[in-house]
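What follows is the content of data39.txt (compact mmCIF, C-alpha atoms).
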```txt
# COMPACT_ATOMS: atom_id res chain seq x y z
CA PRO A 978 26.83 3.14 -3.99
CA ARG A 979 23.33 4.35 -3.26
CA GLU A 980 22.28 7.75 -4.46
CA ALA A 981 20.66 8.52 -1.10
CA VAL A 982 22.03 7.40 2.25
CA ALA A 983 21.29 8.07 5.88
CA ARG A 984 23.75 10.32 7.69
CA THR A 985 24.00 10.62 11.44
CA ILE A 986 25.07 13.90 12.97
CA ALA A 987 25.01 14.33 16.74
CA GLY A 988 22.64 11.37 17.01
CA MET A 989 20.15 12.75 14.46
CA GLU A 990 19.43 10.84 11.25
CA PHE A 991 19.11 12.78 8.00
CA PHE A 992 17.64 10.97 5.03
CA ASP A 993 16.42 12.42 1.72
CA LEU A 994 13.17 10.49 1.33
CA SER A 995 12.09 12.68 -1.56
CA ALA A 996 15.14 11.83 -3.67
CA TRP A 997 15.05 8.17 -2.66
CA SER A 998 11.36 7.76 -3.51
CA ALA A 999 11.34 9.85 -6.71
CA GLN A 1000 13.60 7.48 -8.60
CA ARG A 1001 11.80 4.41 -7.36
CA ARG A 1002 8.39 5.88 -8.19
CA ASP A 1003 9.63 6.66 -11.70
CA ARG A 1004 10.74 3.07 -12.23
CA ILE A 1005 7.45 1.72 -10.80
CA ASP A 1006 5.36 4.06 -12.96
CA ARG A 1007 7.31 3.11 -16.08
CA ARG A 1008 6.84 -0.59 -15.36
CA LEU A 1009 3.12 -0.11 -14.67
CA ALA A 1010 2.72 1.70 -17.97
CA GLU A 1011 4.48 -1.20 -19.72
CA ALA A 1012 2.53 -3.93 -17.89
CA ILE A 1013 -0.97 -2.61 -18.54
CA PRO A 1014 -1.98 -3.08 -22.19
CA SER A 1015 -2.18 0.07 -24.29
CA GLU A 1016 -5.44 1.86 -24.99
CA GLU A 1017 -5.22 0.63 -28.59
CA THR A 1018 -5.25 -3.03 -27.49
CA PRO A 1019 -8.73 -4.65 -27.59
CA PRO A 1020 -10.85 -4.44 -25.52
CA MET A 1021 -9.81 -0.80 -25.76
CA GLU A 1022 -12.33 0.60 -23.25
CA ILE A 1023 -11.27 -1.83 -20.54
CA HIS A 1024 -7.58 -1.14 -21.07
CA ARG A 1025 -8.22 2.60 -21.11
CA ALA A 1026 -10.06 2.26 -17.80
CA MET A 1027 -7.29 0.10 -16.31
CA ARG A 1028 -4.74 2.77 -17.15
CA TYR A 1029 -7.06 5.50 -15.85
CA ALA A 1030 -7.40 3.69 -12.52
CA THR A 1031 -3.76 2.76 -12.01
CA LEU A 1032 -1.62 5.44 -13.65
CA ALA A 1033 -3.40 8.32 -11.89
CA PRO A 1034 -1.12 10.21 -9.49
CA GLY A 1035 -0.83 8.31 -6.22
CA LYS A 1036 1.46 7.90 -3.23
CA ARG A 1037 2.74 4.45 -4.33
CA ILE A 1038 3.25 3.64 -0.66
CA ARG A 1039 3.12 -0.12 -1.13
CA PRO A 1040 5.77 -0.33 -3.87
CA LEU A 1041 7.96 2.09 -1.93
CA LEU A 1042 7.65 -0.04 1.20
CA CYS A 1043 8.60 -3.09 -0.84
CA ALA A 1044 11.75 -1.32 -2.03
CA ALA A 1045 12.50 0.04 1.45
CA ALA A 1046 12.30 -3.45 2.95
CA ALA A 1047 14.76 -4.78 0.36
CA ASP A 1048 17.06 -1.84 1.12
CA ALA A 1049 16.86 -2.61 4.84
CA LEU A 1050 18.51 -5.94 4.10
CA GLY A 1051 21.25 -4.31 2.07
CA ALA A 1052 19.82 -5.46 -1.26
CA ASP A 1053 20.36 -2.10 -2.99
CA ALA A 1054 16.91 -2.09 -4.62
CA VAL A 1055 17.87 0.67 -7.01
CA PRO A 1056 15.55 1.95 -9.75
CA ASP A 1057 16.96 0.06 -12.76
CA PRO A 1058 17.19 -3.74 -12.94
CA ASP A 1059 20.78 -3.82 -14.22
CA GLU A 1060 22.02 -1.84 -11.20
CA GLY A 1061 21.18 -4.35 -8.50
CA GLU A 1062 20.75 -8.09 -8.14
CA HIS A 1063 17.27 -7.92 -6.61
CA ALA A 1064 15.98 -4.73 -8.22
CA ASP A 1065 13.93 -6.28 -11.03
CA ASP A 1066 11.95 -8.51 -8.65
CA VAL A 1067 11.42 -5.59 -6.28
CA VAL A 1068 10.04 -3.45 -9.10
CA ARG A 1069 7.74 -6.17 -10.40
CA LEU A 1070 6.48 -7.00 -6.91
CA GLY A 1071 5.93 -3.30 -6.28
CA CYS A 1072 3.85 -3.15 -9.45
CA ALA A 1073 1.87 -6.21 -8.36
CA LEU A 1074 1.09 -4.51 -5.05
CA GLU A 1075 0.02 -1.30 -6.78
CA LEU A 1076 -2.21 -3.25 -9.18
CA VAL A 1077 -3.88 -5.00 -6.25
CA HIS A 1078 -4.34 -1.66 -4.51
CA SER A 1079 -5.88 -0.12 -7.64
CA TYR A 1080 -8.22 -3.09 -8.06
CA SER A 1081 -9.37 -2.73 -4.46
CA LEU A 1082 -10.09 0.98 -4.91
CA VAL A 1083 -12.06 0.44 -8.12
CA HIS A 1084 -14.27 -2.16 -6.46
CA ASP A 1085 -14.43 -0.31 -3.15
CA ASP A 1086 -15.84 2.76 -4.94
CA LEU A 1087 -18.69 0.85 -6.60
CA PRO A 1088 -22.30 1.71 -5.63
CA ALA A 1089 -22.74 -1.74 -4.07
CA MET A 1090 -19.75 -1.06 -1.82
CA ASP A 1091 -18.90 2.47 -0.64
CA ASP A 1092 -20.47 4.33 -3.59
CA ASP A 1093 -17.75 6.97 -3.95
CA THR A 1094 -17.63 9.63 -6.66
CA TRP A 1095 -14.03 10.84 -6.31
CA ARG A 1096 -10.70 9.04 -6.07
CA ARG A 1097 -7.22 10.54 -6.38
CA GLY A 1098 -8.78 13.86 -7.32
CA ARG A 1099 -10.68 12.42 -10.29
CA LEU A 1100 -14.06 10.81 -10.90
CA THR A 1101 -14.09 7.17 -9.91
CA VAL A 1102 -13.85 4.49 -12.59
CA HIS A 1103 -17.51 3.52 -12.51
CA LYS A 1104 -18.54 7.17 -12.89
CA VAL A 1105 -16.45 7.49 -16.06
CA PHE A 1106 -16.73 4.04 -17.63
CA GLY A 1107 -19.84 2.51 -16.02
CA GLU A 1108 -20.36 -0.07 -13.30
CA ALA A 1109 -19.99 -3.18 -15.48
CA ALA A 1110 -16.70 -1.94 -16.87
CA ALA A 1111 -15.46 -1.08 -13.37
CA ILE A 1112 -16.12 -4.63 -12.19
CA LEU A 1113 -14.18 -6.05 -15.15
CA VAL A 1114 -11.38 -3.53 -14.66
CA GLY A 1115 -10.95 -4.61 -11.05
CA ASP A 1116 -10.92 -8.25 -12.11
CA ALA A 1117 -8.32 -7.55 -14.80
CA LEU A 1118 -6.05 -5.52 -12.50
CA LEU A 1119 -6.07 -8.26 -9.86
CA THR A 1120 -5.25 -10.90 -12.46
CA LEU A 1121 -2.44 -8.78 -13.90
CA ALA A 1122 -0.99 -8.39 -10.40
CA PHE A 1123 -0.46 -12.14 -10.14
CA GLU A 1124 1.02 -12.21 -13.65
CA GLU A 1125 3.60 -9.66 -12.47
CA ALA A 1126 4.42 -11.61 -9.30
CA ALA A 1127 4.67 -14.90 -11.18
CA GLY A 1128 7.04 -13.31 -13.70
CA CYS A 1129 9.67 -12.63 -11.05
CA ALA A 1130 12.96 -14.52 -11.06
CA GLY A 1131 12.91 -15.44 -7.38
CA ASN A 1132 16.04 -16.48 -5.51
CA ASP A 1133 17.56 -19.50 -3.79
CA ARG A 1134 15.55 -18.95 -0.63
CA TYR A 1135 12.28 -17.74 -2.14
CA PRO A 1136 11.16 -18.96 -5.57
CA ALA A 1137 8.58 -16.81 -7.37
CA ALA A 1138 5.82 -19.19 -6.27
CA ARG A 1139 6.39 -18.02 -2.68
CA TYR A 1140 5.77 -14.44 -3.78
CA VAL A 1141 2.50 -15.47 -5.40
CA THR A 1142 1.38 -17.39 -2.32
CA ALA A 1143 2.18 -14.49 0.02
CA LEU A 1144 0.27 -12.05 -2.18
CA ALA A 1145 -2.72 -14.39 -2.58
CA THR A 1146 -2.98 -14.93 1.17
CA ALA A 1147 -2.84 -11.20 1.85
CA VAL A 1148 -5.52 -10.39 -0.73
CA GLY A 1149 -8.01 -13.23 -0.31
CA SER A 1150 -10.72 -14.12 2.17
CA ARG A 1151 -8.13 -14.38 4.97
CA GLY A 1152 -6.87 -10.87 4.27
CA LEU A 1153 -8.09 -7.90 2.26
CA VAL A 1154 -11.43 -9.47 1.29
CA ALA A 1155 -12.05 -10.42 4.92
CA GLY A 1156 -11.53 -6.83 6.00
CA GLN A 1157 -13.76 -5.47 3.24
CA ALA A 1158 -16.54 -7.97 3.97
CA THR A 1159 -16.51 -7.22 7.69
CA ASP A 1160 -16.43 -3.49 6.96
CA LEU A 1161 -19.63 -3.81 4.92
CA GLU A 1162 -21.31 -6.03 7.49
CA ALA A 1163 -20.53 -3.54 10.28
CA GLU A 1164 -22.02 -0.51 8.49
CA GLY A 1165 -24.78 1.08 10.52
CA THR A 1166 -24.02 -0.96 13.64
CA ALA A 1167 -22.59 0.23 16.92
CA PRO A 1168 -18.80 0.13 16.44
CA ASP A 1169 -16.77 -2.04 18.80
CA ALA A 1170 -13.04 -2.38 19.35
CA ASP A 1171 -12.64 -6.00 18.22
CA THR A 1172 -14.48 -5.41 14.96
CA VAL A 1173 -12.60 -2.25 14.04
CA ARG A 1174 -9.27 -3.91 14.83
CA PHE A 1175 -10.16 -6.86 12.59
CA ILE A 1176 -11.23 -4.58 9.74
CA HIS A 1177 -8.15 -2.39 9.91
CA ARG A 1178 -5.70 -5.25 10.35
CA ASN A 1179 -7.05 -6.95 7.21
CA LYS A 1180 -8.36 -4.20 4.96
CA MET A 1181 -5.28 -1.98 5.19
CA ALA A 1182 -2.53 -3.48 7.32
CA ARG A 1183 -2.47 -6.88 5.61
CA LEU A 1184 -1.42 -5.49 2.22
CA ILE A 1185 1.04 -3.08 3.83
CA ARG A 1186 2.57 -5.98 5.73
CA CYS A 1187 2.67 -7.99 2.50
CA ALA A 1188 4.58 -5.15 0.82
CA VAL A 1189 7.48 -5.26 3.26
CA GLU A 1190 7.31 -9.05 3.42
CA LEU A 1191 7.71 -9.31 -0.36
CA GLY A 1192 10.57 -6.82 -0.34
CA GLY A 1193 12.31 -8.88 2.31
CA MET A 1194 11.71 -12.10 0.41
CA ALA A 1195 13.11 -10.56 -2.79
CA ALA A 1196 16.27 -9.76 -0.81
CA GLY A 1197 16.50 -13.32 0.55
CA ALA A 1198 15.61 -12.40 4.13
CA ALA A 1199 16.32 -14.80 6.98
CA ASP A 1200 13.32 -15.85 9.06
CA ASP A 1201 14.02 -13.49 11.96
CA ASP A 1202 14.49 -10.52 9.63
CA LEU A 1203 11.26 -11.36 7.83
CA ASP A 1204 9.45 -11.43 11.18
CA ARG A 1205 10.82 -7.96 11.99
CA LEU A 1206 9.56 -6.66 8.66
CA ARG A 1207 6.13 -8.22 9.20
CA THR A 1208 5.87 -6.54 12.60
CA TYR A 1209 6.84 -3.22 11.04
CA GLY A 1210 4.28 -3.67 8.24
CA ASP A 1211 1.47 -4.64 10.59
CA ARG A 1212 2.02 -1.61 12.85
CA ILE A 1213 2.53 0.84 9.99
CA GLY A 1214 -0.56 -0.52 8.23
CA LEU A 1215 -2.72 -0.02 11.31
CA ALA A 1216 -1.34 3.47 11.86
CA PHE A 1217 -1.93 4.33 8.20
CA GLN A 1218 -5.60 3.32 8.44
CA ILE A 1219 -6.11 5.22 11.70
CA VAL A 1220 -4.70 8.35 10.07
CA ASP A 1221 -7.00 7.72 7.10
CA ASP A 1222 -9.94 7.60 9.53
CA LEU A 1223 -8.83 10.88 11.10
CA LEU A 1224 -8.34 12.59 7.74
CA ASP A 1225 -11.83 11.57 6.70
CA LEU A 1226 -13.06 13.65 9.64
CA THR A 1227 -10.73 16.62 9.20
CA GLY A 1228 -9.65 16.76 5.53
CA ASP A 1229 -11.21 18.22 2.39
CA LEU A 1230 -11.69 17.09 -1.20
CA ALA A 1231 -8.76 19.13 -2.51
CA SER A 1232 -6.21 17.60 -0.14
CA LEU A 1233 -7.62 14.07 0.08
CA GLY A 1234 -8.54 13.58 -3.57
CA LYS A 1235 -11.79 11.96 -2.39
CA GLN A 1236 -14.91 13.11 -0.62
CA PRO A 1237 -14.38 13.50 3.15
CA GLY A 1238 -17.04 12.53 5.67
CA ALA A 1239 -17.92 9.31 3.86
CA ASP A 1240 -17.17 7.12 6.88
CA ALA A 1241 -19.55 9.03 9.11
CA ALA A 1242 -22.25 9.14 6.41
CA LEU A 1243 -22.11 5.34 6.05
CA ARG A 1244 -21.72 4.86 9.82
CA LYS A 1245 -18.48 2.95 9.30
CA SER A 1246 -16.64 1.21 12.10
CA THR A 1247 -13.59 3.46 12.39
CA TRP A 1248 -10.92 3.94 15.03
CA PRO A 1249 -12.13 7.44 16.03
CA ALA A 1250 -15.73 6.15 16.23
CA VAL A 1251 -14.62 3.63 18.86
CA PHE A 1252 -11.78 5.41 20.66
CA GLY A 1253 -12.23 9.11 19.88
CA ILE A 1254 -9.94 11.51 18.04
CA ASP A 1255 -7.33 12.11 20.76
CA ARG A 1256 -6.88 8.42 21.56
CA SER A 1257 -6.71 7.63 17.83
CA ARG A 1258 -3.88 10.11 17.31
CA ALA A 1259 -2.02 8.67 20.28
CA ASP A 1260 -2.54 5.09 19.08
CA ALA A 1261 -1.22 5.95 15.62
CA ARG A 1262 1.93 7.47 17.14
CA ASP A 1263 2.44 4.45 19.41
CA LEU A 1264 2.05 2.04 16.49
CA VAL A 1265 4.64 3.92 14.43
CA ASP A 1266 7.01 3.83 17.42
CA GLU A 1267 6.55 0.05 17.64
CA ALA A 1268 7.21 -0.27 13.91
CA LEU A 1269 10.42 1.73 14.11
CA SER A 1270 11.60 -0.32 17.08
CA ALA A 1271 11.08 -3.51 15.09
CA VAL A 1272 13.55 -2.43 12.38
CA GLU A 1273 16.22 -1.00 14.69
CA PRO A 1274 18.53 -4.02 14.08
CA PHE A 1275 18.82 -2.99 10.42
CA ASP A 1276 20.58 0.22 11.50
CA ALA A 1277 21.20 2.80 8.72
CA ASP A 1278 19.85 0.50 6.01
CA ALA A 1279 16.38 0.96 7.51
CA ALA A 1280 16.44 4.73 6.93
CA PRO A 1281 13.78 4.54 4.17
CA LEU A 1282 11.51 2.44 6.39
CA ARG A 1283 11.90 4.91 9.24
CA ALA A 1284 11.26 7.89 6.99
CA ILE A 1285 8.10 6.33 5.54
CA GLY A 1286 6.93 5.48 9.05
CA ARG A 1287 7.24 9.10 10.12
CA LEU A 1288 5.48 10.21 6.95
CA VAL A 1289 2.47 8.09 7.90
CA ILE A 1290 1.91 10.27 10.96
CA ASP A 1291 2.64 13.60 9.28
CA ARG A 1292 0.69 13.18 6.04
CA GLU A 1293 -2.35 15.28 5.16
CA SER A 1294 -3.71 13.16 2.31
```

Let me see the structure of the file written as structure tokens.
Amino acid sequence: PREAVARTIAGMEFFDLSAWSAQRRDRIDRRLAEAIPSEETPPMEIHRAMRYATLAPGKRIRPLLCAAAADALGADAVPDPDEGEHADDVVRLGCALELVHSYSLVHDDLPAMDDDTWRRGRLTVHKVFGEAAAILVGDALLTLAFEEAAGCAGNDRYPAARYVTALATAVGSRGLVAGQATDLEAEGTAPDADTVRFIHRNKMARLIRCAVELGGMAAGAADDDLDRLRTYGDRIGLAFQIVDDLLDLTGDLASLGKQPGADAALRKSTWPAVFGIDRSRADARDLVDEALSAVEPFDADAAPLRAIGRLVIDRES
């Protein structure tokens, strides 16, 4: 049986997200530490920087969403591989997603991109190790992500090659790279709704959607269930980025772990810049509502997905 379950009392759902996520985060962090070569492995500086970038404290939202999607299909994606049929693939795919996320942050922070000094409460990789090393670190993390995905066992419905293809599509020039490129092109221009939607749907939402898609695939999801998860991921990803935009306006370095006000300084195309703060808050809430509606057919098994969805709106970092 699961160590954390949803309980319904008088129509209200109670779910211990903290307990559920703590064990999964521990397993993800242990696997990440195993997957990234040690600091004593040549080239030592690159491996030290890879570990610095990835093992820093973070929310691990993408791996948690991967596990939550598998749970929604009753896969029991528990923390240790020998406790559930799909757990090992879910952990490895979660690590692949976190490695991609870390790569994107390292490159995003570079002077040629957003030129950030702080990330996760620490100096960015290029500030500590230099720009050339940061470029190589990002390259290495992205490559290692595909090694993790390719090392999965797969299942009768989805061989490991399908995982790799889904991840590659989400990350490449039809996904994350497309969002990043458009974001850079739009800097300093008058923001418009179509552009900001394209940036957010690709730069943030695409990888979030991929996280729940991979979790569903690891659990052998039927086509209609996978479509529900994709809808959830798309809406949650958009809401997450809108909240990020709002926090950049209202947060501080201590809570965010990065310098606030960067979007305005670079004249980024953000949701608040187009729609205003009040409309942005309302849109984020509406998107989360749509996401939660999409996973209603999973009933109690979707408790982690629902809890993470609510967290997106309530977070302060």

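In this comparison, which uses all atoms listed in the file, the residue of A:Gly1071, A:Pro1034, A:Pro1249, A:Gly1152 approaching Ile1219 in chain A most closely is A:Pro1249.
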
Tell me which protein, DNA and RNA residues are within 8 Å of range 1027-1033 of chain A, counting only C-alpha atoms, leaving out same-chain ones fewer than 4 positions away, and put them as a ChimeraX atom specification.
/A:1006,1009-1010,1013,1016,1023,1075-1076,1079,1083,1097,1101-1102,1114-1115,1117-1118

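With all atoms listed in the file as the atoms that count, the residue of A:Leu994, A:Leu1226, A:Leu1184, A:Ala1143 with the shortest distance to His1078 in chain A is A:Leu1184.
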
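You will find CA of Phe1275 in chain A at 20.4 Å from CA of Tyr1135 in chain A.
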
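Omitting Ala1170 in chain A and its sequence neighbours fewer than 3 positions away, and counting all atoms listed in the file, the residues within 10 Å are Val1173, Arg1174, Phe1175, Ser1246, Thr1247, Trp1248, Ala1250, Val1251 and Phe1252 of chain A.
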
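Distance annotation: of A:Ile1213, A:Val1272, A:Leu1161, A:Leu1223, the residue with the minimal separation from Ala1188 in chain A is A:Ile1213; atom set is only C-alpha atoms.
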
Anything within 7 Å of (3.0, -11.7, -6.9): list those residues as a ChimeraX atom specification, counting only C-alpha atoms and sticking to the file's coordinates.
/A:1070,1073,1122-1123,1125-1127,1140-1141,1144

Between CA of Met1021 in chain A and CA of Ala1089 in chain A, what is the spacing in Å?
25.3 Å

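When CA of Gly1214 in chain A is paired with CA of Met1181 in chain A, their separation reads 5.8 Å.
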
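Comparing A:Arg1287, A:Arg1178, A:Arg1139, A:Arg1004 by their smallest distance to Gly1156 in chain A, the closest is A:Arg1178 (using all atoms listed in the file).
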
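Those residues that approach range 1047-1052 of chain A to within 6 Å, counting only C-alpha atoms, are A:Gly1192, A:Gly1193, A:Ala1196, A:Phe1275, A:Asp1278, A:Ala1279; same-chain residues fewer than 5 positions away are not listed.
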
What are the centre and edge lengths in Å, to one decimal, of the axis-aligned box around all listed atoms of range 1134-1145 of chain A with 3 Å added on each side, as lines of an AutoDock Vina configuration file?
```
center_x = 6.4
center_y = -15.6
center_z = -3.7
size_x = 24.3
size_y = 13.1
size_z = 13.4
```

Which one is closest to Pro1088 in chain A: A:Arg1001, A:Arg1283, A:His1103, A:Arg1256? Count only C-alpha atoms.
A:His1103

So, with all atoms listed in the file as the atoms that count, which of A:Asp1085, A:Glu1124, A:Asp1263, A:Asp1204 lies closest to Lys1180 in chain A?
A:Asp1085

Start from the incomplete input, build all heavy atoms for range 1107-1118 of chain A, and deliver everything as a PDB file, in the frame of the given file.
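Below is the file that was written, part_21.pdb:
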```
ATOM      1  N   GLY A1107     -18.680   3.336 -16.313  1.00  0.00           N
ATOM      2  CA  GLY A1107     -19.840   2.510 -16.020  1.00  0.00           C
ATOM      3  C   GLY A1107     -19.518   1.397 -15.031  1.00  0.00           C
ATOM      4  O   GLY A1107     -18.372   0.986 -14.881  1.00  0.00           O
ATOM      5  N   GLU A1108     -20.557   0.918 -14.371  1.00  0.00           N
ATOM      6  CA  GLU A1108     -20.360  -0.070 -13.300  1.00  0.00           C
ATOM      7  C   GLU A1108     -19.860  -1.412 -13.828  1.00  0.00           C
ATOM      8  O   GLU A1108     -18.974  -2.029 -13.239  1.00  0.00           O
ATOM      9  CB  GLU A1108     -21.677  -0.270 -12.535  1.00  0.00           C
ATOM     10  CG  GLU A1108     -22.094   0.943 -11.731  1.00  0.00           C
ATOM     11  CD  GLU A1108     -23.402   0.713 -10.996  1.00  0.00           C
ATOM     12  OE1 GLU A1108     -23.663  -0.441 -10.582  1.00  0.00           O
ATOM     13  OE2 GLU A1108     -24.172   1.672 -10.845  1.00  0.00           O
ATOM     14  N   ALA A1109     -20.419  -1.881 -14.940  1.00  0.00           N
ATOM     15  CA  ALA A1109     -19.990  -3.180 -15.480  1.00  0.00           C
ATOM     16  C   ALA A1109     -18.520  -3.141 -15.854  1.00  0.00           C
ATOM     17  O   ALA A1109     -17.758  -4.079 -15.548  1.00  0.00           O
ATOM     18  CB  ALA A1109     -20.849  -3.547 -16.687  1.00  0.00           C
ATOM     19  N   ALA A1110     -18.109  -2.065 -16.503  1.00  0.00           N
ATOM     20  CA  ALA A1110     -16.700  -1.940 -16.870  1.00  0.00           C
ATOM     21  C   ALA A1110     -15.814  -1.885 -15.637  1.00  0.00           C
ATOM     22  O   ALA A1110     -14.726  -2.478 -15.616  1.00  0.00           O
ATOM     23  CB  ALA A1110     -16.495  -0.682 -17.736  1.00  0.00           C
ATOM     24  N   ALA A1111     -16.259  -1.187 -14.589  1.00  0.00           N
ATOM     25  CA  ALA A1111     -15.460  -1.080 -13.370  1.00  0.00           C
ATOM     26  C   ALA A1111     -15.242  -2.445 -12.726  1.00  0.00           C
ATOM     27  O   ALA A1111     -14.153  -2.740 -12.217  1.00  0.00           O
ATOM     28  CB  ALA A1111     -16.127  -0.122 -12.387  1.00  0.00           C
ATOM     29  N   ILE A1112     -16.258  -3.280 -12.745  1.00  0.00           N
ATOM     30  CA  ILE A1112     -16.120  -4.630 -12.190  1.00  0.00           C
ATOM     31  C   ILE A1112     -15.057  -5.407 -12.986  1.00  0.00           C
ATOM     32  O   ILE A1112     -14.164  -6.049 -12.415  1.00  0.00           O
ATOM     33  CB  ILE A1112     -17.459  -5.377 -12.213  1.00  0.00           C
ATOM     34  CG1 ILE A1112     -18.440  -4.715 -11.240  1.00  0.00           C
ATOM     35  CG2 ILE A1112     -17.272  -6.854 -11.855  1.00  0.00           C
ATOM     36  CD1 ILE A1112     -19.866  -5.213 -11.364  1.00  0.00           C
ATOM     37  N   LEU A1113     -15.141  -5.342 -14.305  1.00  0.00           N
ATOM     38  CA  LEU A1113     -14.180  -6.050 -15.150  1.00  0.00           C
ATOM     39  C   LEU A1113     -12.776  -5.471 -15.001  1.00  0.00           C
ATOM     40  O   LEU A1113     -11.789  -6.213 -15.020  1.00  0.00           O
ATOM     41  CB  LEU A1113     -14.630  -5.986 -16.601  1.00  0.00           C
ATOM     42  CG  LEU A1113     -15.909  -6.770 -16.938  1.00  0.00           C
ATOM     43  CD1 LEU A1113     -16.339  -6.499 -18.369  1.00  0.00           C
ATOM     44  CD2 LEU A1113     -15.704  -8.265 -16.712  1.00  0.00           C
ATOM     45  N   VAL A1114     -12.681  -4.169 -14.852  1.00  0.00           N
ATOM     46  CA  VAL A1114     -11.380  -3.530 -14.660  1.00  0.00           C
ATOM     47  C   VAL A1114     -10.725  -4.026 -13.380  1.00  0.00           C
ATOM     48  O   VAL A1114      -9.537  -4.364 -13.357  1.00  0.00           O
ATOM     49  CB  VAL A1114     -11.530  -1.988 -14.636  1.00  0.00           C
ATOM     50  CG1 VAL A1114     -10.285  -1.320 -14.055  1.00  0.00           C
ATOM     51  CG2 VAL A1114     -11.788  -1.467 -16.044  1.00  0.00           C
ATOM     52  N   GLY A1115     -11.498  -4.083 -12.301  1.00  0.00           N
ATOM     53  CA  GLY A1115     -10.950  -4.610 -11.050  1.00  0.00           C
ATOM     54  C   GLY A1115     -10.484  -6.043 -11.202  1.00  0.00           C
ATOM     55  O   GLY A1115      -9.389  -6.414 -10.748  1.00  0.00           O
ATOM     56  N   ASP A1116     -11.302  -6.858 -11.873  1.00  0.00           N
ATOM     57  CA  ASP A1116     -10.920  -8.250 -12.110  1.00  0.00           C
ATOM     58  C   ASP A1116      -9.612  -8.333 -12.900  1.00  0.00           C
ATOM     59  O   ASP A1116      -8.719  -9.138 -12.582  1.00  0.00           O
ATOM     60  CB  ASP A1116     -12.021  -8.974 -12.894  1.00  0.00           C
ATOM     61  CG  ASP A1116     -13.319  -9.120 -12.106  1.00  0.00           C
ATOM     62  OD1 ASP A1116     -13.282  -8.952 -10.873  1.00  0.00           O
ATOM     63  OD2 ASP A1116     -14.353  -9.385 -12.740  1.00  0.00           O
ATOM     64  N   ALA A1117      -9.503  -7.509 -13.936  1.00  0.00           N
ATOM     65  CA  ALA A1117      -8.320  -7.550 -14.800  1.00  0.00           C
ATOM     66  C   ALA A1117      -7.069  -7.072 -14.067  1.00  0.00           C
ATOM     67  O   ALA A1117      -5.974  -7.630 -14.243  1.00  0.00           O
ATOM     68  CB  ALA A1117      -8.560  -6.710 -16.050  1.00  0.00           C
ATOM     69  N   LEU A1118      -7.202  -6.032 -13.245  1.00  0.00           N
ATOM     70  CA  LEU A1118      -6.050  -5.520 -12.500  1.00  0.00           C
ATOM     71  C   LEU A1118      -5.549  -6.564 -11.492  1.00  0.00           C
ATOM     72  O   LEU A1118      -4.339  -6.748 -11.338  1.00  0.00           O
ATOM     73  CB  LEU A1118      -6.421  -4.229 -11.768  1.00  0.00           C
ATOM     74  CG  LEU A1118      -6.654  -3.001 -12.654  1.00  0.00           C
ATOM     75  CD1 LEU A1118      -7.214  -1.849 -11.825  1.00  0.00           C
ATOM     76  CD2 LEU A1118      -5.371  -2.577 -13.354  1.00  0.00           C
TER      77      LEU A1118
END
```
